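J.: query38.txt is the file, holding compact mmCIF, C-alpha atoms:
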```txt
# COMPACT_ATOMS: atom_id res chain seq x y z
CA MET A 1 8.08 -7.21 7.45
CA LEU A 2 5.09 -4.87 7.40
CA GLU A 3 3.31 -4.44 10.72
CA ILE A 4 0.23 -2.24 11.07
CA LYS A 5 -0.82 -1.67 14.67
CA GLY A 6 -4.08 -0.10 15.85
CA LEU A 7 -4.31 2.14 12.78
CA ASP A 8 -6.97 4.87 12.59
CA VAL A 9 -7.03 6.99 9.43
CA ALA A 10 -9.05 10.10 8.60
CA VAL A 11 -9.66 11.77 5.24
CA GLU A 12 -10.69 15.43 5.34
CA LYS A 13 -11.40 15.04 9.08
CA ARG A 14 -13.72 12.07 8.49
CA GLN A 15 -12.64 8.86 10.18
CA ILE A 16 -12.36 6.06 7.59
CA LEU A 17 -10.26 3.30 9.23
CA HIS A 18 -10.66 2.08 12.79
CA ASP A 19 -8.12 0.00 14.74
CA VAL A 20 -6.68 -1.87 11.73
CA ASN A 21 -4.08 -4.53 12.59
CA LEU A 22 -2.22 -6.81 10.18
CA THR A 23 1.23 -8.27 9.68
CA ILE A 24 2.87 -9.39 6.43
CA ARG A 25 6.20 -11.22 6.58
CA GLU A 26 8.88 -11.30 3.92
CA GLY A 27 7.79 -13.27 0.87
CA GLU A 28 4.11 -13.45 1.85
CA THR A 29 1.16 -12.26 -0.22
CA HIS A 30 -2.01 -11.16 1.55
CA VAL A 31 -5.33 -10.15 0.03
CA LEU A 32 -7.93 -7.68 1.28
CA PHE A 33 -11.60 -8.19 0.36
CA GLY A 34 -14.40 -5.76 0.99
CA PRO A 35 -17.38 -4.00 -0.59
CA ASN A 36 -17.02 -0.65 -2.31
CA GLY A 37 -16.51 2.16 0.18
CA ALA A 38 -15.17 -0.11 2.93
CA GLY A 39 -11.84 1.72 3.18
CA LYS A 40 -9.57 -0.64 1.22
CA THR A 41 -7.90 2.02 -0.94
CA THR A 42 -7.61 4.30 2.09
CA LEU A 43 -5.50 1.63 3.80
CA LEU A 44 -3.08 1.38 0.88
CA MET A 45 -2.84 5.16 0.56
CA ALA A 46 -2.08 5.44 4.28
CA ILE A 47 0.65 2.78 4.04
CA MET A 48 2.14 4.64 1.05
CA GLY A 49 2.00 7.92 2.98
CA PHE A 50 -0.18 10.20 0.87
CA PRO A 51 -0.76 13.35 2.97
CA LYS A 52 -4.54 13.41 2.42
CA TYR A 53 -4.78 10.19 4.45
CA VAL A 54 -4.04 11.26 8.01
CA VAL A 55 -3.06 8.68 10.63
CA THR A 56 -4.81 9.76 13.82
CA ARG A 57 -3.75 6.76 15.90
CA GLY A 58 -1.55 3.69 15.59
CA SER A 59 1.54 3.04 13.50
CA VAL A 60 2.96 1.55 10.30
CA VAL A 61 6.24 -0.30 10.80
CA PHE A 62 8.24 -1.48 7.76
CA ASN A 63 11.33 -3.66 8.18
CA GLY A 64 11.63 -2.60 11.79
CA GLN A 65 11.34 1.14 11.12
CA ASP A 66 8.33 3.22 12.15
CA ILE A 67 7.41 4.99 8.90
CA THR A 68 4.13 6.53 10.10
CA GLY A 69 5.40 10.09 9.68
CA LEU A 70 7.55 9.64 6.58
CA PRO A 71 6.61 11.29 3.24
CA VAL A 72 5.80 9.26 0.12
CA ASP A 73 9.21 9.63 -1.53
CA GLU A 74 11.08 8.31 1.51
CA ARG A 75 8.77 5.29 1.72
CA ALA A 76 9.41 4.61 -1.96
CA ARG A 77 13.17 4.76 -1.38
CA LEU A 78 12.78 2.27 1.48
CA GLY A 79 11.22 -0.16 -0.98
CA ILE A 80 7.45 0.36 -1.01
CA GLY A 81 5.70 0.52 -4.38
CA MET A 82 2.07 0.88 -5.37
CA SER A 83 -0.12 0.10 -8.36
CA PHE A 84 -3.13 2.41 -8.43
CA GLN A 85 -6.68 1.49 -9.32
CA ARG A 86 -7.04 4.72 -11.32
CA PRO A 87 -3.54 6.01 -12.11
CA PRO A 88 -3.29 9.60 -13.33
CA VAL A 89 -2.38 10.73 -16.82
CA VAL A 90 0.96 12.58 -16.92
CA ARG A 91 1.35 14.74 -20.01
CA GLY A 92 4.84 15.70 -21.18
CA VAL A 93 6.53 12.68 -19.56
CA THR A 94 6.83 9.48 -21.55
CA THR A 95 6.49 5.96 -20.22
CA ARG A 96 10.12 5.40 -21.21
CA ASP A 97 11.13 8.38 -19.03
CA ILE A 98 9.44 7.00 -15.92
CA MET A 99 10.79 3.52 -16.61
CA ASN A 100 14.34 4.86 -16.78
CA VAL A 101 13.81 6.65 -13.45
CA CYS A 102 12.54 3.41 -11.87
CA LEU A 103 15.45 1.43 -13.33
CA TYR A 104 18.14 3.89 -12.19
CA GLY A 105 20.70 2.09 -10.05
CA HIS A 106 19.31 -1.38 -10.82
CA ASP A 107 21.07 -4.01 -12.87
CA GLY A 108 19.04 -6.38 -15.02
CA GLU A 109 16.35 -5.92 -17.63
CA THR A 110 16.04 -2.72 -19.65
CA ALA A 111 12.90 -0.65 -20.22
CA SER A 112 12.52 -2.23 -23.67
CA GLN A 113 12.79 -5.76 -22.28
CA LEU A 114 10.21 -5.11 -19.56
CA ALA A 115 7.90 -3.42 -22.07
CA GLU A 116 8.08 -6.49 -24.29
CA LYS A 117 7.22 -8.67 -21.30
CA ALA A 118 4.18 -6.48 -20.53
CA ASN A 119 3.19 -6.22 -24.22
CA LEU A 120 3.71 -2.45 -24.11
CA THR A 121 6.58 -1.92 -26.54
CA ASP A 122 4.52 0.50 -28.65
CA PHE A 123 3.64 2.57 -25.56
CA LEU A 124 7.12 3.50 -24.33
CA ASP A 125 7.23 6.80 -26.20
CA ARG A 126 3.67 7.82 -25.35
CA ASP A 127 2.79 10.12 -22.45
CA ILE A 128 2.22 8.20 -19.23
CA ASN A 129 -1.25 6.60 -19.26
CA TYR A 130 -2.56 8.95 -21.96
CA GLY A 131 -5.23 7.12 -23.97
CA PHE A 132 -4.44 3.78 -22.32
CA SER A 133 -7.22 1.19 -21.95
CA GLY A 134 -7.96 -0.45 -18.59
CA GLY A 135 -5.73 -3.42 -19.31
CA GLU A 136 -2.94 -1.22 -20.67
CA LEU A 137 -3.06 0.93 -17.52
CA LYS A 138 -2.69 -2.10 -15.26
CA ARG A 139 0.14 -3.58 -17.33
CA SER A 140 1.93 -0.22 -17.34
CA GLU A 141 1.65 0.08 -13.56
CA LEU A 142 3.03 -3.42 -13.05
CA MET A 143 5.82 -2.85 -15.58
CA GLN A 144 6.91 0.21 -13.56
CA LEU A 145 6.85 -1.83 -10.33
CA LEU A 146 8.96 -4.53 -11.95
CA ALA A 147 11.48 -1.81 -12.80
CA GLN A 148 11.32 -0.37 -9.28
CA ARG A 149 11.74 -3.78 -7.58
CA PRO A 150 10.02 -2.91 -4.29
CA ASN A 151 10.21 -5.00 -1.14
CA LEU A 152 6.49 -4.36 -0.57
CA ALA A 153 4.03 -4.13 -3.46
CA LEU A 154 0.61 -2.59 -2.79
CA LEU A 155 -1.80 -3.55 -5.59
CA ASP A 156 -5.16 -1.78 -5.75
CA GLU A 157 -7.66 -3.96 -7.65
CA PRO A 158 -5.23 -5.16 -10.36
CA GLU A 159 -8.06 -6.96 -12.22
CA SER A 160 -10.40 -3.94 -12.32
CA GLY A 161 -11.25 -2.93 -15.88
CA VAL A 162 -9.19 -5.80 -17.33
CA ASP A 163 -10.67 -8.11 -19.96
CA LEU A 164 -10.21 -11.89 -20.03
CA VAL A 165 -7.41 -11.63 -22.58
CA ASN A 166 -5.34 -9.35 -20.34
CA ILE A 167 -5.99 -10.80 -16.89
CA ALA A 168 -3.73 -13.84 -17.41
CA LEU A 169 -0.85 -11.51 -18.37
CA ILE A 170 -1.63 -9.32 -15.34
CA GLY A 171 -1.39 -12.41 -13.15
CA GLN A 172 1.89 -13.41 -14.78
CA LEU A 173 3.41 -9.97 -14.14
CA ILE A 174 2.25 -9.98 -10.50
CA ASN A 175 3.70 -13.44 -9.93
CA GLU A 176 7.05 -12.27 -11.29
CA LEU A 177 6.91 -9.12 -9.14
CA LEU A 178 6.21 -11.19 -6.01
CA ASP A 179 8.91 -13.82 -6.79
CA LYS A 180 6.30 -16.58 -6.94
CA GLU A 181 8.63 -18.80 -8.96
CA CYS A 182 11.03 -18.89 -5.97
CA PRO A 183 10.65 -20.96 -2.78
CA MET A 184 9.12 -18.93 0.07
CA ARG A 185 12.44 -18.60 1.94
CA GLU A 186 14.05 -16.97 -1.13
CA ARG A 187 11.30 -14.43 -1.87
CA LYS A 188 12.13 -10.81 -1.14
CA CYS A 189 8.91 -9.04 -2.10
CA MET A 190 5.78 -8.92 0.06
CA GLY A 191 2.39 -8.18 -1.46
CA LEU A 192 -0.91 -6.73 -0.28
CA ILE A 193 -3.61 -7.02 -2.93
CA ILE A 194 -6.99 -5.30 -2.79
CA THR A 195 -9.75 -7.09 -4.66
CA HIS A 196 -13.50 -6.66 -4.87
CA SER A 197 -14.30 -9.52 -7.23
CA GLY A 198 -11.49 -11.93 -6.27
CA HIS A 199 -10.76 -12.81 -9.92
CA ILE A 200 -7.04 -12.20 -9.44
CA LEU A 201 -6.86 -15.24 -7.12
CA ASP A 202 -7.38 -17.46 -10.16
CA TYR A 203 -3.89 -16.37 -11.24
CA VAL A 204 -2.04 -15.27 -8.07
CA ASN A 205 -1.90 -17.34 -4.90
CA ALA A 206 -2.23 -15.56 -1.55
CA ARG A 207 -1.48 -16.83 1.94
CA THR A 208 -3.90 -14.82 4.07
CA GLY A 209 -7.14 -12.99 3.42
CA TYR A 210 -9.01 -10.28 5.31
CA VAL A 211 -12.47 -8.76 5.01
CA LEU A 212 -12.62 -5.02 5.56
CA TYR A 213 -16.04 -3.57 6.30
CA ASP A 214 -16.92 -0.08 7.51
CA GLY A 215 -13.24 0.66 8.05
CA ARG A 216 -12.62 -2.36 10.26
CA ILE A 217 -11.01 -5.72 9.59
CA GLY A 218 -13.71 -8.18 10.55
CA CYS A 219 -12.06 -11.51 9.89
CA GLU A 220 -8.85 -13.20 8.75
CA GLY A 221 -8.36 -16.60 7.17
CA ASP A 222 -7.82 -18.67 4.03
CA PRO A 223 -8.49 -16.31 1.10
CA HIS A 224 -9.96 -19.00 -1.15
CA GLU A 225 -12.43 -20.13 1.50
CA MET A 226 -13.39 -16.53 2.19
CA LEU A 227 -13.86 -15.84 -1.52
CA ALA A 228 -16.05 -18.93 -1.92
CA THR A 229 -18.35 -17.65 0.85
CA ILE A 230 -18.43 -14.15 -0.65
CA LYS A 231 -19.30 -15.55 -4.10
CA GLU A 232 -22.06 -17.75 -2.68
CA LYS A 233 -23.61 -15.37 -0.16
CA GLY A 234 -22.19 -11.93 -0.92
CA TYR A 235 -20.60 -9.44 1.43
CA GLN A 236 -23.87 -9.24 3.38
CA GLU A 237 -22.99 -12.59 4.95
CA CYS A 238 -19.61 -11.19 6.04
CA ILE A 239 -21.33 -8.11 7.43
CA ARG A 240 -23.80 -10.23 9.41
CA CYS A 241 -20.94 -12.37 10.72
CA ILE A 242 -18.88 -9.33 11.73
CA ALA A 243 -21.89 -7.69 13.36
CA GLY A 244 -22.63 -10.92 15.27
CA ILE A 245 -19.08 -11.19 16.56
CA SER A 246 -19.17 -7.55 17.64
CA TYR A 247 -22.51 -8.07 19.43
CA ASP A 248 -21.25 -11.17 21.25
CA PHE A 249 -18.12 -9.34 22.39
CA GLU A 250 -20.19 -6.43 23.70
CA GLU A 251 -22.52 -8.85 25.50
CA LEU A 252 -19.61 -10.66 27.13
CA SER A 253 -18.15 -7.32 28.21
CA ARG A 254 -21.41 -6.35 29.89
CA GLN A 255 -21.65 -9.71 31.67
CA SER A 256 -18.11 -9.42 33.01
```
Let's see the structure in the file written out as structure tokens.
T.:
Amino acid sequence: MLEIKGLDVAVEKRQILHDVNLTIREGETHVLFGPNGAGKTTLLMAIMGFPKYVVTRGSVVFNGQDITGLPVDERARLGIGMSFQRPPVVRGVTTRDIMNVCLYGHDGETASQLAEKANLTDFLDRDINYGFSGGELKRSELMQLLAQRPNLALLDEPESGVDLVNIALIGQLINELLDKECPMRERKCMGLIITHSGHILDYVNARTGYVLYDGRIGCEGDPHEMLATIKEKGYQECIRCIAGISYDFEELSRQS
């Protein structure tokens, strides 16, 4: 289980996240909506433990262990993996090299078999992400996660920069990563997906959705209903709703 409690996060001494709370249980997939600049990527980076994203209050608990102070590599060893929105190019290291590192100690499919599944067979001996298109980047990231087999997969806008031909394959790879073919009680991998457009929900089902605005989670509910409202009225409707709830709470506090 992932449990985030009262999380405040600062980047370069600027507060980005404020009192974020959410819980994901084993086998569940949750989705985080929000406009650009809302703090969505900051949340994933803080969960993953990148040092630039400083937790100033609150905690991140994973499978019963407080990991708030752990470095990235220890979180990865505990079973947390991440697919980046803009993964870096790594010259001098091939995709096959990183796949073999991810597969070390795991039984099952080989790098070649996973590459065939992700339609990346011709990319195994190329430098990591060098000259890859948007869709190729996303497929490569997911292929590496499938090799890593994390217990928690953090996916930062997996549909971003992906054309209509590739998005169905992206959805297929995510569903395999999250054990979607298994009954809920048999699933081992949790997922937290960031999305701006919501297109990935046409291919990957999620249990719970959140709207993040101005570094705060404003609401929680059925992700498909939330997406329908966002598509019809835009994030401005969510912002007005969140602002209204905040105003009502402040008014009640004054009255009491």
J.: Rank A:Glu12, A:Met99, A:Ile194, A:Gly27 by their smallest atom-to-atom distance to Asn175 in chain A, using all atoms listed in the file, and report the top residue only.
T.: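 Smallest separation from Asn175 in chain A among the options: A:Gly27.
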J.: What's around Asn129 in chain A at 9 Å? Count all atoms listed in the file, leave out sequence neighbours fewer than 5 positions away in its own chain, and write the answer as a PDB file with C-alpha atoms, in the coordinates of the input.
T.:
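Everything below was put into part_18.pdb:
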```pdb
ATOM      1  CA  PRO A  87      -3.540   6.010 -12.110  1.00  0.00           C
ATOM      2  CA  PRO A  88      -3.290   9.600 -13.330  1.00  0.00           C
ATOM      3  CA  VAL A  89      -2.380  10.730 -16.820  1.00  0.00           C
ATOM      4  CA  VAL A  90       0.960  12.580 -16.920  1.00  0.00           C
ATOM      5  CA  ARG A  91       1.350  14.740 -20.010  1.00  0.00           C
ATOM      6  CA  THR A  94       6.830   9.480 -21.550  1.00  0.00           C
ATOM      7  CA  THR A  95       6.490   5.960 -20.220  1.00  0.00           C
ATOM      8  CA  PHE A 123       3.640   2.570 -25.560  1.00  0.00           C
ATOM      9  CA  GLU A 136      -2.940  -1.220 -20.670  1.00  0.00           C
ATOM     10  CA  LEU A 137      -3.060   0.930 -17.520  1.00  0.00           C
ATOM     11  CA  SER A 140       1.930  -0.220 -17.340  1.00  0.00           C
TER      12      SER A 140
END
```
J.: Set the distance at 9 Å and use only C-alpha atoms: which residues neighbour Gly64 in chain A once local chain neighbours fewer than 5 positions away are removed? I'd like the list as an NGL selection string.
T.: :A and (1-3)
J.: Using all atoms listed in the file, find the one residue out of A:Thr195, A:Ser133, A:Ser83, A:Gln15 that sits nearest to Leu145 in chain A.
T.: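 Among the listed residues, the smallest separation from Leu145 in chain A belongs to A:Ser83.
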J.: A:Tyr203, A:Tyr53, A:Tyr210, A:Tyr130: which is nearest Leu227 in chain A, counting all atoms listed in the file?
T.: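 Using all atoms listed in the file, the shortest distance to Leu227 in chain A belongs to A:Tyr210.
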J.: For range 178-194 of chain A, what centre and edge lengths in Å (one decimal) does the axis-aligned box get once 4 Å is added on each side of all its listed atoms, as lines of an AutoDock Vina configuration file?
T.:
```
center_x = 3.5
center_y = -13.1
center_z = -3.5
size_x = 29.0
size_y = 23.7
size_z = 18.9
```
J.: Pick from A:Leu177, A:Ile4, A:Val31, A:Met143: nearest to Ala115 in chain A, with all atoms listed in the file counted?
T.: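 The answer is A:Met143, which sits nearest to Ala115 in chain A.
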J.: For Glu109 in chain A, which residue out of A:Leu78, A:Asp122, A:Glu237, A:Arg149 is the nearest one, using all atoms listed in the file?
T.: A:Arg149
J.: Report as a count of residues only all protein, DNA and RNA residues lying within 12 Å of Arg14 in chain A, evaluated on only C-alpha atoms, omitting residues in the same chain fewer than 2 positions from it.
T.: 16
J.: Rank A:Lys138, A:Arg207, A:Arg216, A:Arg75 by their smallest atom-to-atom distance to Leu7 in chain A, using all atoms listed in the file, and report the top residue only.
T.: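 Under the stated criterion, the closest residue is A:Arg216.
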J.: Per residue of range 182-227 of chain A within 12 Å of range 150-172 of chain A, note the shortest atom pair and the distance in Å to one decimal, counting all atoms listed in the file, and order the rows by chain and increasing residue number, as a tab-separated table.
T.:
```
residue	atom	partner	partner_atom	distance
A:Arg187	CA	A:Asn151	CA	9.5
A:Lys188	CA	A:Asn151	CA	6.1
A:Cys189	CA	A:Asn151	CA	4.4
A:Met190	CA	A:Leu152	CA	4.7
A:Gly191	CA	A:Ala153	CA	4.8
A:Leu192	CA	A:Leu154	CA	5.1
A:Ile193	CA	A:Leu155	CA	4.7
A:Ile194	CA	A:Asp156	CA	4.9
A:Thr195	CA	A:Glu157	CA	4.8
A:His196	CA	A:Glu157	CA	7.0
A:Ser197	CA	A:Glu159	CA	8.4
A:Gly198	CA	A:Glu159	CA	8.5
A:His199	CA	A:Glu159	CA	6.8
A:Ile200	CA	A:Glu159	CA	6.0
A:Leu201	CA	A:Gly171	CA	8.6
A:Asp202	CA	A:Gly171	CA	8.4
A:Tyr203	CA	A:Gly171	CA	5.1
A:Val204	CA	A:Gly171	CA	5.9
A:Asn205	CA	A:Gly171	CA	9.6
```
